[in-house]
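Q: First, the structure itself, so that you have it in front of you.
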Protein chains: 2
Amino acid sequence: MDAVVLEENGSPRLVDRPRPEPGPGEVLVRIDRVGVDGTDREVVAGAHGEVAGSMVLGHEAVGSVADPNGTAFEPGETVVPTVRRPPGDYNEYFRRGEPDMAPMDATVECGIDGADGFMAEYVAVPSEFLLRLPERLAPAGFLVEPLSITAKALELVAASREPFTWERERALVLGTGSLGLLTVPVLEDRFEEVYCLGRRDRDDPAVELAREAGATYVDSRETAVDEIPDAHAPMDLVVEATGHAPHAVGAAAALAPNGVAALLGVPGDHEASVELGELHRELVVGNRALIGSVNAGYSHFERAVEWLDALPPSIVDAFTEHVYPMDRFEAALDSDVIKTAVEPHP
Amino acid sequence: MDAVVLEENGSPRLVDRPRPEPGPGEVLVRIDRVGVDGTDREVVAGAHGEVAGSMVLGHEAVGSVADPNGTAFEPGETVVPTVRRPPGDYNEYFRRGEPDMAPMDATVECGIDGADGFMAEYVAVPSEFLLRLPERLAPAGFLVEPLSITAKALELVAASREPFTWERERALVLGTGSLGLLTVPVLEDRFEEVYCLGRRDRDDPAVELAREAGATYVDSRETAVDEIPDAHAPMDLVVEATGHAPHAVGAAAALAPNGVAALLGVPGDHEASVELGELHRELVVGNRALIGSVNAGYSHFERAVEWLDALPPSIVDAFTEHVYPMDRFEAALDSDVIKTAVEPHP
């Protein structure tokens with residue numbers, strides 16, 4: 001079968017690999033679509049995760065059950081695999097069903113770090129790392145994984161504000177990439193006003209999408225994130241989805257009292273001068289919080305399926321418009337449209 | 001009656017004031033002891049809060065009911081007043097019983113910012129801002145207020161880690177001031193190991209107290225906070241109780257994966273160069289959080305009463321050793337021992 005494989009220090013190539021034989025408890029999944037995101041591009045560039053030998057790319061997948069192999073799945077069911085797997089033996093994080101809370105050395109990540117991903121005609125997936133979704137959601141099913149990132153972050157955010165009455169009036173998404181744009185409609189259902197900050201021109205399709213999803217767009221070249229309280233209003237929630245290092249501090253400066261910022265990006269090194277006293281003081285006297293969040297657990301994937309079902313058609317259409325046959329994976333990786341995906345069986 | 005009053009741009013003085021007449025719903029409280037802390041010294045130095053005209057100092061008080069004035073209190077009951085009051089009319093924060101979540105412009109603070117404190121022979125306190133405690137706790141009752149700060153912070157901390165299994169093995173307190181030292185025994189009951197970082201010599205009484213309460217002392221002149229993971233172990237919780245601005249970033253660097261730092265100090269301005277990429281990245285990939293917390297609500301004062309009752313006698317003795325008659329308030333303010341207090345009726 002065909003698979004897109006990245007060799008250590010190499011470029012990804014379409015190669016022939018044997019179709020996997022599912023082991024005990026594993027389901028054989030026919031992959032239908034695999035989304036491409038910034039993390040894939042970082043993996044290809046060698047800036048994220050580790051390729052030991054060679055690794056199949058891709059971590060945002062949807063497929064159908066080709067062989068249930070004695071598990072509770074039925075042939076033909078639409079399924080999405082989760083991303084983290086135990087590195088060898090099951091450790092405590094996997095045993096208690098919290099792989100997303102594993103430290104980086106206690107997990108591998110399919111298609112990102114140390115384990116084969118899903119950009120292949122077939123993959124074998126342990127049934128516990130596979131979840132069902134309605135067949136009608138299959139065309140956009142590769143969006144479940146990015147939505148699960150937001151689902152976990154918003155769970156942590158809500159828990160952190162649970163001891164008091166958190167007024168959820170205004171939310172700000174940092175970033176007009178696919179994660180940011182998928183987060184806008186989710187927040188639009190939960191906050192009175194949603195803002196989205198990016199570095200794109202106002203007639204950019206991503207900006208139009210953010211606006212269609214209900215967000216007020218803020219061009220960061222005109223209004224920096226820490227100027228948003230004065231230019232617009234202080235924010236009860238900021239979701240950082242850029243990996244732009246200064247945004248950890250900038251997000252804090254955009255917060256209303258009792259507000260919280262969820263940090264989701266993974267930036268490279270970036271040294272800068274910071275007014276640490278102000279940062280510290282505003283966190284304290286305003287009861288503000290900064291919460292980092294990575295990956296997602298099974299329950300977050302389940303919530304993401306519900307959210308996918310509720311996405312505005314304009315978002316779904318835009319996110320499924322650029323699907324390439326898998327042998328054109330390079331075009332999918334190189335594209336600068338909002339979202340691309342590949343199909344192993346076009 | 002006597003009261004210690006700070007005039008705008010002046011020094012505190014012992015002055016004669018009329019004994020307050022309790023209004024409807026107010027209790028007349030005979031003040032027994034008032035603790036002195038770093039905030040009081042900042043208020044006197046003009047670095048914290050605002051003195052409009054003149055203000056009675058003191059926010060850590062214990063007293064007894066002199067006149068219940070028709071409320072549900074009984075004469076002679078031991079009571080502690082909370083610190084925040086509505087600035088004029090009750091706003092939403094006070095109406096829902098969450099004054100500690102009020103932004104700074106929606107509250108005044110007795111003895112700190114815009115309202116008379118408790119360093120007086122008698123004060124009138126609305127009954128809803130007064131809580132009972134067992135009479136046997138009266139001598140150390142002025143420690144309820146600082147303990148309430150920790151109670152609120154630990155509530156926010158626990159809530160933020162509630163969605164997953166948080167392993168509470170190691171905690172680190174930054175600071176060997178009174179708040180830090182009171183926090184050590186509380187954490188000692190909840191974590192397997194407690195560390196305490198400060199800038200004092202190893203034979204300093206504060207360091208001995210921290211050690212007696214069960215903490216491993218770390219001299220920050222030998223081991224910086226961000227070196228603690230290598231020198232000792234990464235921390236599941238860091239409680240910052242110093243107001244040293246670089247500690248917001250340093251605390252994050254001391255955290256284990258899934259750890260959380262509570263920031264409690266209120267530093268002045270402090271600009272410094274920071275590796276923002278590393279801070280941001282470690283927060284994200286380690287699911288770490290920074291949580292600011294200020295003041296405390298009624299439920300936190302109630303928890304603090306329980307914690308006061310459970311404090312080791314060595315801590316209680318050390319914290320109640322230096323009690324001055326109120327006319328010697330200057331000695332209490334100038335002292336560099338762990339904790340001082342004044343008595344209006346010695």
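We label chains A, B, ... in the order they appear in the structure tokens, count residues from 1 in each chain, and number ligands from 1 in the order shown.
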Quick one: everything within 10 Å of region 39-48 of chain B, counting only C-alpha atoms, minus sequence neighbours fewer than 5 positions away in the same chain. Send it as a list in words.
A: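 Here the answer would be Leu6, Glu7, Glu8, Asn9, Gly10, Ser11, Pro12, Leu57, Gly58, His59, Glu60, Gly111, Ile112, Asp113, Gly265, Val266, Pro267, Gly268, Leu333 and Asp334 of chain B.
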Q: Write a file of the just-selected residues containing N, CA and C atoms, as a PDB file, in the first residue's frame.
A:
ATOM      1  N   LEU B   6      -3.154  56.596  59.562  1.00  0.00           N
ATOM      2  CA  LEU B   6      -2.200  57.073  58.558  1.00  0.00           C
ATOM      3  C   LEU B   6      -2.839  58.219  57.796  1.00  0.00           C
ATOM      4  N   GLU B   7      -2.127  59.374  57.790  1.00  0.00           N
ATOM      5  CA  GLU B   7      -2.626  60.494  56.989  1.00  0.00           C
ATOM      6  C   GLU B   7      -2.005  60.410  55.601  1.00  0.00           C
ATOM      7  N   GLU B   8      -2.705  60.940  54.617  1.00  0.00           N
ATOM      8  CA  GLU B   8      -2.191  60.986  53.256  1.00  0.00           C
ATOM      9  C   GLU B   8      -0.795  61.616  53.278  1.00  0.00           C
ATOM     10  N   ASN B   9       0.187  60.937  52.678  1.00  0.00           N
ATOM     11  CA  ASN B   9       1.568  61.422  52.616  1.00  0.00           C
ATOM     12  C   ASN B   9       2.205  61.642  53.983  1.00  0.00           C
ATOM     13  N   GLY B  10       1.645  61.034  55.026  1.00  0.00           N
ATOM     14  CA  GLY B  10       2.215  61.200  56.355  1.00  0.00           C
ATOM     15  C   GLY B  10       2.678  59.887  56.941  1.00  0.00           C
ATOM     16  N   SER B  11       3.036  59.937  58.226  1.00  0.00           N
ATOM     17  CA  SER B  11       3.414  58.736  58.954  1.00  0.00           C
ATOM     18  C   SER B  11       2.251  58.350  59.855  1.00  0.00           C
ATOM     19  N   PRO B  12       2.146  57.084  60.226  1.00  0.00           N
ATOM     20  CA  PRO B  12       1.051  56.676  61.106  1.00  0.00           C
ATOM     21  C   PRO B  12       1.226  57.273  62.489  1.00  0.00           C
ATOM     22  N   LEU B  57      -5.021  52.004  60.171  1.00  0.00           N
ATOM     23  CA  LEU B  57      -4.224  50.899  59.628  1.00  0.00           C
ATOM     24  C   LEU B  57      -4.753  49.540  60.082  1.00  0.00           C
ATOM     25  N   GLY B  58      -4.207  48.468  59.490  1.00  0.00           N
ATOM     26  CA  GLY B  58      -4.426  47.120  60.013  1.00  0.00           C
ATOM     27  C   GLY B  58      -5.536  46.351  59.321  1.00  0.00           C
ATOM     28  N   HIS B  59      -5.210  45.150  58.850  1.00  0.00           N
ATOM     29  CA  HIS B  59      -6.252  44.340  58.191  1.00  0.00           C
ATOM     30  C   HIS B  59      -6.290  42.891  58.713  1.00  0.00           C
ATOM     31  N   GLU B  60      -5.345  42.522  59.612  1.00  0.00           N
ATOM     32  CA  GLU B  60      -5.337  41.160  60.178  1.00  0.00           C
ATOM     33  C   GLU B  60      -5.777  41.268  61.628  1.00  0.00           C
ATOM     34  N   GLY B 111      -7.971  49.106  55.900  1.00  0.00           N
ATOM     35  CA  GLY B 111      -6.588  49.241  56.350  1.00  0.00           C
ATOM     36  C   GLY B 111      -5.575  49.218  55.231  1.00  0.00           C
ATOM     37  N   ILE B 112      -6.028  49.026  53.993  1.00  0.00           N
ATOM     38  CA  ILE B 112      -5.100  48.946  52.859  1.00  0.00           C
ATOM     39  C   ILE B 112      -5.435  49.993  51.809  1.00  0.00           C
ATOM     40  N   ASP B 113      -6.693  50.059  51.439  1.00  0.00           N
ATOM     41  CA  ASP B 113      -7.055  50.841  50.269  1.00  0.00           C
ATOM     42  C   ASP B 113      -8.462  51.421  50.412  1.00  0.00           C
ATOM     43  N   GLY B 265       2.125  37.418  45.470  1.00  0.00           N
ATOM     44  CA  GLY B 265       2.776  38.683  45.778  1.00  0.00           C
ATOM     45  C   GLY B 265       2.371  39.785  44.818  1.00  0.00           C
ATOM     46  N   VAL B 266       2.596  41.029  45.243  1.00  0.00           N
ATOM     47  CA  VAL B 266       2.245  42.175  44.399  1.00  0.00           C
ATOM     48  C   VAL B 266       3.494  43.013  44.195  1.00  0.00           C
ATOM     49  N   PRO B 267       4.316  42.673  43.170  1.00  0.00           N
ATOM     50  CA  PRO B 267       5.595  43.362  42.993  1.00  0.00           C
ATOM     51  C   PRO B 267       5.446  44.733  42.345  1.00  0.00           C
ATOM     52  N   GLY B 268       6.476  45.538  42.491  1.00  0.00           N
ATOM     53  CA  GLY B 268       6.582  46.770  41.727  1.00  0.00           C
ATOM     54  C   GLY B 268       7.121  46.480  40.335  1.00  0.00           C
ATOM     55  N   LEU B 333       5.812  47.809  63.586  1.00  0.00           N
ATOM     56  CA  LEU B 333       5.994  48.038  62.144  1.00  0.00           C
ATOM     57  C   LEU B 333       7.459  47.921  61.740  1.00  0.00           C
ATOM     58  N   ASP B 334       8.363  48.334  62.637  1.00  0.00           N
ATOM     59  CA  ASP B 334       9.785  48.374  62.289  1.00  0.00           C
ATOM     60  C   ASP B 334      10.477  47.032  62.476  1.00  0.00           C
TER      61      ASP B 334
END
Q: Within 9 Å of Phe129 (chain B), counting only C-alpha atoms, which residues qualify if same-chain residues fewer than 5 places away don't, as a list in words?
A: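 Near neighbours after the sequence-gap exclusion: Val80, Pro81, Thr82, Val83, Arg84, Arg85 and Tyr298 of chain B.
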Q: Can I get the selected residues back with N, CA and C atoms, as a PDB file, in the first residue's frame?
A:
ATOM      1  N   VAL B  80     -13.422  37.405  63.717  1.00  0.00           N
ATOM      2  CA  VAL B  80     -12.426  37.956  62.794  1.00  0.00           C
ATOM      3  C   VAL B  80     -13.172  38.668  61.678  1.00  0.00           C
ATOM      4  N   PRO B  81     -12.771  39.905  61.347  1.00  0.00           N
ATOM      5  CA  PRO B  81     -13.420  40.591  60.222  1.00  0.00           C
ATOM      6  C   PRO B  81     -12.714  40.278  58.901  1.00  0.00           C
ATOM      7  N   THR B  82     -13.488  40.183  57.823  1.00  0.00           N
ATOM      8  CA  THR B  82     -12.867  40.085  56.494  1.00  0.00           C
ATOM      9  C   THR B  82     -12.402  41.477  56.074  1.00  0.00           C
ATOM     10  N   VAL B  83     -11.743  41.580  54.930  1.00  0.00           N
ATOM     11  CA  VAL B  83     -11.004  42.802  54.587  1.00  0.00           C
ATOM     12  C   VAL B  83     -11.714  43.699  53.570  1.00  0.00           C
ATOM     13  N   ARG B  84     -12.412  43.098  52.596  1.00  0.00           N
ATOM     14  CA  ARG B  84     -12.988  43.942  51.540  1.00  0.00           C
ATOM     15  C   ARG B  84     -14.394  44.417  51.889  1.00  0.00           C
ATOM     16  N   ARG B  85     -14.693  45.626  51.463  1.00  0.00           N
ATOM     17  CA  ARG B  85     -16.011  46.222  51.641  1.00  0.00           C
ATOM     18  C   ARG B  85     -16.446  46.847  50.311  1.00  0.00           C
ATOM     19  N   TYR B 298     -15.416  34.659  52.112  1.00  0.00           N
ATOM     20  CA  TYR B 298     -15.858  34.191  53.422  1.00  0.00           C
ATOM     21  C   TYR B 298     -15.528  32.718  53.635  1.00  0.00           C
TER      22      TYR B 298
END
Q: Could you pull out all residues of region 123-310 of chain B with a DSSP call of strand (DSSP E) and give them as JSON, numbers by chain?
A: {"B": [123, 124, 125, 126, 130, 131, 132, 170, 171, 172, 173, 174, 193, 194, 195, 196, 197, 198, 215, 216, 217, 218, 219, 235, 236, 237, 238, 239, 240, 255, 256, 257, 258, 259, 260, 261, 262, 263, 271, 272, 273, 274, 275, 289, 290, 291, 292]}
Q: Can you build me a table of region 78-136 of chain A residues sitting at most 12 Å from region 272-287 of chain B, with the closest atom pair per residue and its distance in Å to one decimal, using only C-alpha atoms, sorted by chain and residue number, as a Markdown table?
A:
| residue | atom | partner | partner_atom | distance |
| --- | --- | --- | --- | --- |
| A:Pro99 | CA | B:Asn287 | CA | 11.9 |
| A:Asp100 | CA | B:Asn287 | CA | 8.8 |
| A:Met101 | CA | B:Asn287 | CA | 7.0 |
| A:Ala102 | CA | B:Gly286 | CA | 8.2 |
| A:Pro103 | CA | B:Gly286 | CA | 6.2 |
| A:Met104 | CA | B:Val285 | CA | 7.3 |
| A:Asp105 | CA | B:Gly286 | CA | 10.7 |
| A:Ala106 | CA | B:Gly286 | CA | 11.5 |
| A:Thr107 | CA | B:Val285 | CA | 11.8 |
Q: What is the CA of Ala241 (chain A) to CA of Ala262 (chain A) distance in Å?
A: 8.7 Å
Q: Just the residues within 8 Å of Gly35 (chain A), please, counting only C-alpha atoms, with nothing from its chain fewer than 4 positions along; format it as an NGL selection string.
A: :A and (58-61 or 142-143 or 339-342)
Q: Generate the output file for the selected residues, N, CA and C atoms, as an mmCIF file, in the first residue's frame.
A:
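Full text of out-v2.cif as output:
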data_model
loop_
_atom_site.group_PDB
_atom_site.id
_atom_site.type_symbol
_atom_site.label_atom_id
_atom_site.label_comp_id
_atom_site.auth_asym_id
_atom_site.auth_seq_id
_atom_site.Cartn_x
_atom_site.Cartn_y
_atom_site.Cartn_z
ATOM 1 N N GLY A 58 1.254 12.474 9.410
ATOM 2 C CA GLY A 58 -0.188 12.668 9.538
ATOM 3 C C GLY A 58 -0.771 12.276 10.876
ATOM 4 N N HIS A 59 -1.489 13.211 11.509
ATOM 5 C CA HIS A 59 -2.127 12.894 12.789
ATOM 6 C C HIS A 59 -3.595 13.295 12.851
ATOM 7 N N GLU A 60 -4.105 13.949 11.796
ATOM 8 C CA GLU A 60 -5.536 14.329 11.776
ATOM 9 C C GLU A 60 -6.239 13.430 10.774
ATOM 10 N N ALA A 61 -6.812 12.329 11.213
ATOM 11 C CA ALA A 61 -7.314 11.352 10.256
ATOM 12 C C ALA A 61 -8.770 10.999 10.491
ATOM 13 N N PHE A 142 -11.554 14.684 9.680
ATOM 14 C CA PHE A 142 -10.168 14.981 10.074
ATOM 15 C C PHE A 142 -10.071 16.261 10.899
ATOM 16 N N LEU A 143 -11.205 16.972 11.053
ATOM 17 C CA LEU A 143 -11.208 18.163 11.912
ATOM 18 C C LEU A 143 -11.483 17.816 13.374
ATOM 19 N N LYS A 339 -6.877 25.281 4.934
ATOM 20 C CA LYS A 339 -6.761 23.886 5.351
ATOM 21 C C LYS A 339 -6.660 22.994 4.123
ATOM 22 N N THR A 340 -5.737 22.035 4.184
ATOM 23 C CA THR A 340 -5.661 21.027 3.131
ATOM 24 C C THR A 340 -5.766 19.648 3.780
ATOM 25 N N ALA A 341 -6.045 18.667 2.916
ATOM 26 C CA ALA A 341 -6.070 17.283 3.385
ATOM 27 C C ALA A 341 -5.655 16.405 2.209
ATOM 28 N N VAL A 342 -5.324 15.173 2.503
ATOM 29 C CA VAL A 342 -5.016 14.215 1.428
ATOM 30 C C VAL A 342 -5.947 13.012 1.557
#
Q: Can you measure CA of Ala261 (chain A) to CA of Thr165 (chain B) for me? One decimal in Å is fine.
A: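 Pair CA of Ala261 (chain A) / CA of Thr165 (chain B) returns 21.7 Å.
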Q: Would you tabulate, counting only C-alpha atoms, all residues of region 232-281 of chain A that have an atom at most 12 Å from an atom of region 220-228 of chain A, showing the closest pair of atoms and their distance in Å to one decimal, sorted by chain then ascending number, as a tab-separated table?
A:
residue	atom	partner	partner_atom	distance
A:His232	CA	A:Ile228	CA	5.3
A:Ala233	CA	A:Ile228	CA	6.2
A:Pro234	CA	A:Ile228	CA	6.7
A:Met235	CA	A:Ile228	CA	8.3
A:Val238	CA	A:Val225	CA	10.0
A:Val239	CA	A:Val225	CA	11.7
A:Glu240	CA	A:Val225	CA	10.6
A:His244	CA	A:Val225	CA	11.6
A:Pro246	CA	A:Val225	CA	9.8
A:His247	CA	A:Val225	CA	7.7
A:Ala248	CA	A:Val225	CA	10.4
A:Val249	CA	A:Asp226	CA	8.5
A:Gly250	CA	A:Asp226	CA	5.2
A:Ala251	CA	A:Val225	CA	6.6
A:Ala252	CA	A:Asp226	CA	8.0
A:Ala253	CA	A:Asp226	CA	5.0
A:Ala254	CA	A:Asp226	CA	5.1
A:Leu255	CA	A:Asp226	CA	8.7
A:Ala256	CA	A:Ile228	CA	10.5
A:Leu279	CA	A:Asp226	CA	11.2
Q: Based on the selection just made, write N, CA and C atoms of those residues as a CSV table (one decimal), in the first residue's frame.
A:
chain,number,residue,atom,x,y,z
A,232,HIS,N,-10.6,47.8,22.1
A,232,HIS,CA,-11.9,47.1,22.1
A,232,HIS,C,-12.4,46.9,23.5
A,233,ALA,N,-12.0,45.9,24.2
A,233,ALA,CA,-12.4,45.7,25.5
A,233,ALA,C,-11.5,44.6,26.1
A,234,PRO,N,-11.4,44.6,27.5
A,234,PRO,CA,-10.6,43.5,28.1
A,234,PRO,C,-11.4,42.1,27.9
A,235,MET,N,-10.6,41.1,27.8
A,235,MET,CA,-11.2,39.8,27.4
A,235,MET,C,-11.3,38.8,28.6
A,238,VAL,N,-8.7,34.3,26.5
A,238,VAL,CA,-7.9,34.4,25.3
A,238,VAL,C,-7.4,33.0,25.0
A,239,VAL,N,-7.6,32.6,23.7
A,239,VAL,CA,-7.1,31.3,23.3
A,239,VAL,C,-5.9,31.6,22.3
A,240,GLU,N,-4.7,31.2,22.7
A,240,GLU,CA,-3.5,31.5,21.9
A,240,GLU,C,-3.3,30.2,21.0
A,244,HIS,N,3.3,31.9,18.7
A,244,HIS,CA,4.2,33.1,18.7
A,244,HIS,C,4.5,33.4,20.2
A,246,PRO,N,5.9,35.7,22.2
A,246,PRO,CA,5.5,36.8,23.0
A,246,PRO,C,4.0,36.8,23.4
A,247,HIS,N,3.2,35.9,22.8
A,247,HIS,CA,1.8,35.9,23.1
A,247,HIS,C,1.5,35.4,24.5
A,248,ALA,N,2.4,34.7,25.1
A,248,ALA,CA,2.1,34.3,26.5
A,248,ALA,C,1.9,35.5,27.4
A,249,VAL,N,2.8,36.5,27.2
A,249,VAL,CA,2.7,37.7,28.0
A,249,VAL,C,1.6,38.6,27.4
A,250,GLY,N,1.5,38.7,26.1
A,250,GLY,CA,0.5,39.6,25.5
A,250,GLY,C,-0.9,39.1,25.8
A,251,ALA,N,-1.1,37.8,25.9
A,251,ALA,CA,-2.4,37.3,26.2
A,251,ALA,C,-2.8,37.7,27.6
A,252,ALA,N,-1.9,37.7,28.5
A,252,ALA,CA,-2.2,38.1,29.9
A,252,ALA,C,-2.6,39.6,29.9
A,253,ALA,N,-1.9,40.4,29.1
A,253,ALA,CA,-2.2,41.8,29.1
A,253,ALA,C,-3.6,42.1,28.5
A,254,ALA,N,-4.1,41.2,27.7
A,254,ALA,CA,-5.4,41.4,27.1
A,254,ALA,C,-6.6,41.0,28.0
A,255,LEU,N,-6.3,40.4,29.1
A,255,LEU,CA,-7.3,39.8,30.0
A,255,LEU,C,-8.1,40.8,30.8
A,256,ALA,N,-9.3,40.6,31.0
A,256,ALA,CA,-10.1,41.3,32.0
A,256,ALA,C,-9.8,40.7,33.4
A,279,LEU,N,3.3,42.1,34.7
A,279,LEU,CA,2.8,40.8,34.4
A,279,LEU,C,2.3,40.1,35.7
Q: How many Å lie between CA of Gly175 (chain A) and CA of Gly198 (chain A), rounded to one decimal?
A: 5.1 Å
Q: List every residue of region 40-178 of chain B that DSSP, applied to the backbone, labels as alpha helix (DSSP H), and write the result as a PyMOL selection string.
A: chain B and resi 40-45+92-95+144-160+178
Q: Please produce an output containing N, CA and C atoms for each residue in the selection, written as a PDB file, in the first residue's frame.
A:
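File out.pdb, as written:
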ATOM      1  N   ASP B  40       1.083  46.059  55.241  1.00  0.00           N
ATOM      2  CA  ASP B  40       0.987  47.249  56.098  1.00  0.00           C
ATOM      3  C   ASP B  40       2.186  48.166  55.893  1.00  0.00           C
ATOM      4  N   ARG B  41       3.371  47.544  55.808  1.00  0.00           N
ATOM      5  CA  ARG B  41       4.580  48.365  55.630  1.00  0.00           C
ATOM      6  C   ARG B  41       4.556  49.069  54.269  1.00  0.00           C
ATOM      7  N   GLU B  42       4.036  48.373  53.233  1.00  0.00           N
ATOM      8  CA  GLU B  42       3.912  49.015  51.917  1.00  0.00           C
ATOM      9  C   GLU B  42       2.894  50.142  51.961  1.00  0.00           C
ATOM     10  N   VAL B  43       1.805  49.949  52.683  1.00  0.00           N
ATOM     11  CA  VAL B  43       0.783  50.994  52.799  1.00  0.00           C
ATOM     12  C   VAL B  43       1.396  52.225  53.464  1.00  0.00           C
ATOM     13  N   VAL B  44       2.162  51.996  54.546  1.00  0.00           N
ATOM     14  CA  VAL B  44       2.802  53.107  55.254  1.00  0.00           C
ATOM     15  C   VAL B  44       3.803  53.811  54.336  1.00  0.00           C
ATOM     16  N   ALA B  45       4.493  53.016  53.497  1.00  0.00           N
ATOM     17  CA  ALA B  45       5.485  53.587  52.582  1.00  0.00           C
ATOM     18  C   ALA B  45       4.836  54.216  51.352  1.00  0.00           C
ATOM     19  N   GLU B  92     -22.180  43.784  42.023  1.00  0.00           N
ATOM     20  CA  GLU B  92     -22.491  42.374  41.754  1.00  0.00           C
ATOM     21  C   GLU B  92     -21.577  41.423  42.533  1.00  0.00           C
ATOM     22  N   TYR B  93     -20.298  41.797  42.731  1.00  0.00           N
ATOM     23  CA  TYR B  93     -19.355  40.909  43.417  1.00  0.00           C
ATOM     24  C   TYR B  93     -19.752  40.723  44.877  1.00  0.00           C
ATOM     25  N   PHE B  94     -20.147  41.807  45.509  1.00  0.00           N
ATOM     26  CA  PHE B  94     -20.559  41.718  46.912  1.00  0.00           C
ATOM     27  C   PHE B  94     -21.933  41.060  47.015  1.00  0.00           C
ATOM     28  N   ARG B  95     -22.832  41.349  46.067  1.00  0.00           N
ATOM     29  CA  ARG B  95     -24.167  40.746  46.122  1.00  0.00           C
ATOM     30  C   ARG B  95     -24.085  39.227  46.046  1.00  0.00           C
ATOM     31  N   VAL B 144      -5.780  34.294  60.907  1.00  0.00           N
ATOM     32  CA  VAL B 144      -6.828  33.782  60.008  1.00  0.00           C
ATOM     33  C   VAL B 144      -6.761  34.506  58.664  1.00  0.00           C
ATOM     34  N   GLU B 145      -6.557  35.817  58.697  1.00  0.00           N
ATOM     35  CA  GLU B 145      -6.552  36.563  57.429  1.00  0.00           C
ATOM     36  C   GLU B 145      -5.428  36.083  56.514  1.00  0.00           C
ATOM     37  N   PRO B 146      -4.148  36.054  56.940  1.00  0.00           N
ATOM     38  CA  PRO B 146      -3.131  35.536  56.003  1.00  0.00           C
ATOM     39  C   PRO B 146      -3.403  34.087  55.578  1.00  0.00           C
ATOM     40  N   LEU B 147      -3.888  33.243  56.491  1.00  0.00           N
ATOM     41  CA  LEU B 147      -4.184  31.860  56.090  1.00  0.00           C
ATOM     42  C   LEU B 147      -5.300  31.809  55.040  1.00  0.00           C
ATOM     43  N   SER B 148      -6.208  32.787  55.092  1.00  0.00           N
ATOM     44  CA  SER B 148      -7.305  32.793  54.104  1.00  0.00           C
ATOM     45  C   SER B 148      -6.778  33.045  52.696  1.00  0.00           C
ATOM     46  N   ILE B 149      -5.682  33.790  52.590  1.00  0.00           N
ATOM     47  CA  ILE B 149      -5.051  34.052  51.289  1.00  0.00           C
ATOM     48  C   ILE B 149      -4.590  32.725  50.677  1.00  0.00           C
ATOM     49  N   THR B 150      -3.961  31.899  51.517  1.00  0.00           N
ATOM     50  CA  THR B 150      -3.517  30.585  51.050  1.00  0.00           C
ATOM     51  C   THR B 150      -4.707  29.687  50.732  1.00  0.00           C
ATOM     52  N   ALA B 151      -5.763  29.777  51.564  1.00  0.00           N
ATOM     53  CA  ALA B 151      -6.942  28.932  51.331  1.00  0.00           C
ATOM     54  C   ALA B 151      -7.566  29.217  49.973  1.00  0.00           C
ATOM     55  N   LYS B 152      -7.676  30.495  49.637  1.00  0.00           N
ATOM     56  CA  LYS B 152      -8.247  30.820  48.325  1.00  0.00           C
ATOM     57  C   LYS B 152      -7.339  30.333  47.212  1.00  0.00           C
ATOM     58  N   ALA B 153      -6.039  30.584  47.352  1.00  0.00           N
ATOM     59  CA  ALA B 153      -5.095  30.185  46.298  1.00  0.00           C
ATOM     60  C   ALA B 153      -5.150  28.675  46.078  1.00  0.00           C
ATOM     61  N   LEU B 154      -5.184  27.920  47.169  1.00  0.00           N
ATOM     62  CA  LEU B 154      -5.190  26.462  47.000  1.00  0.00           C
ATOM     63  C   LEU B 154      -6.509  25.969  46.426  1.00  0.00           C
ATOM     64  N   GLU B 155      -7.586  26.704  46.671  1.00  0.00           N
ATOM     65  CA  GLU B 155      -8.856  26.329  46.036  1.00  0.00           C
ATOM     66  C   GLU B 155      -8.770  26.536  44.524  1.00  0.00           C
ATOM     67  N   LEU B 156      -8.233  27.675  44.096  1.00  0.00           N
ATOM     68  CA  LEU B 156      -8.081  27.930  42.656  1.00  0.00           C
ATOM     69  C   LEU B 156      -7.136  26.910  42.024  1.00  0.00           C
ATOM     70  N   VAL B 157      -6.061  26.615  42.727  1.00  0.00           N
ATOM     71  CA  VAL B 157      -5.072  25.642  42.246  1.00  0.00           C
ATOM     72  C   VAL B 157      -5.718  24.275  42.034  1.00  0.00           C
ATOM     73  N   ALA B 158      -6.429  23.795  43.058  1.00  0.00           N
ATOM     74  CA  ALA B 158      -7.030  22.459  42.965  1.00  0.00           C
ATOM     75  C   ALA B 158      -8.067  22.410  41.851  1.00  0.00           C
ATOM     76  N   ALA B 159      -8.861  23.470  41.733  1.00  0.00           N
ATOM     77  CA  ALA B 159      -9.876  23.493  40.672  1.00  0.00           C
ATOM     78  C   ALA B 159      -9.221  23.404  39.298  1.00  0.00           C
ATOM     79  N   SER B 160      -8.099  24.092  39.143  1.00  0.00           N
ATOM     80  CA  SER B 160      -7.444  24.128  37.830  1.00  0.00           C
ATOM     81  C   SER B 160      -6.894  22.768  37.424  1.00  0.00           C
ATOM     82  N   SER B 178       5.905  35.850  56.589  1.00  0.00           N
ATOM     83  CA  SER B 178       4.871  35.204  57.403  1.00  0.00           C
ATOM     84  C   SER B 178       3.910  34.401  56.533  1.00  0.00           C
TER      85      SER B 178
END
Q: I'd like the neighbourhood of Trp166 (chain B) as a list in words, where a residue qualifies if any of its atoms comes within 9 Å (using only C-alpha atoms), though same-chain residues fewer than 2 positions away should be ignored.
A: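 The contact residues come out as Ala158, Arg161, Glu162, Pro163, Phe164, Arg168, Asp236, Asn258 and Gly259 of chain B.
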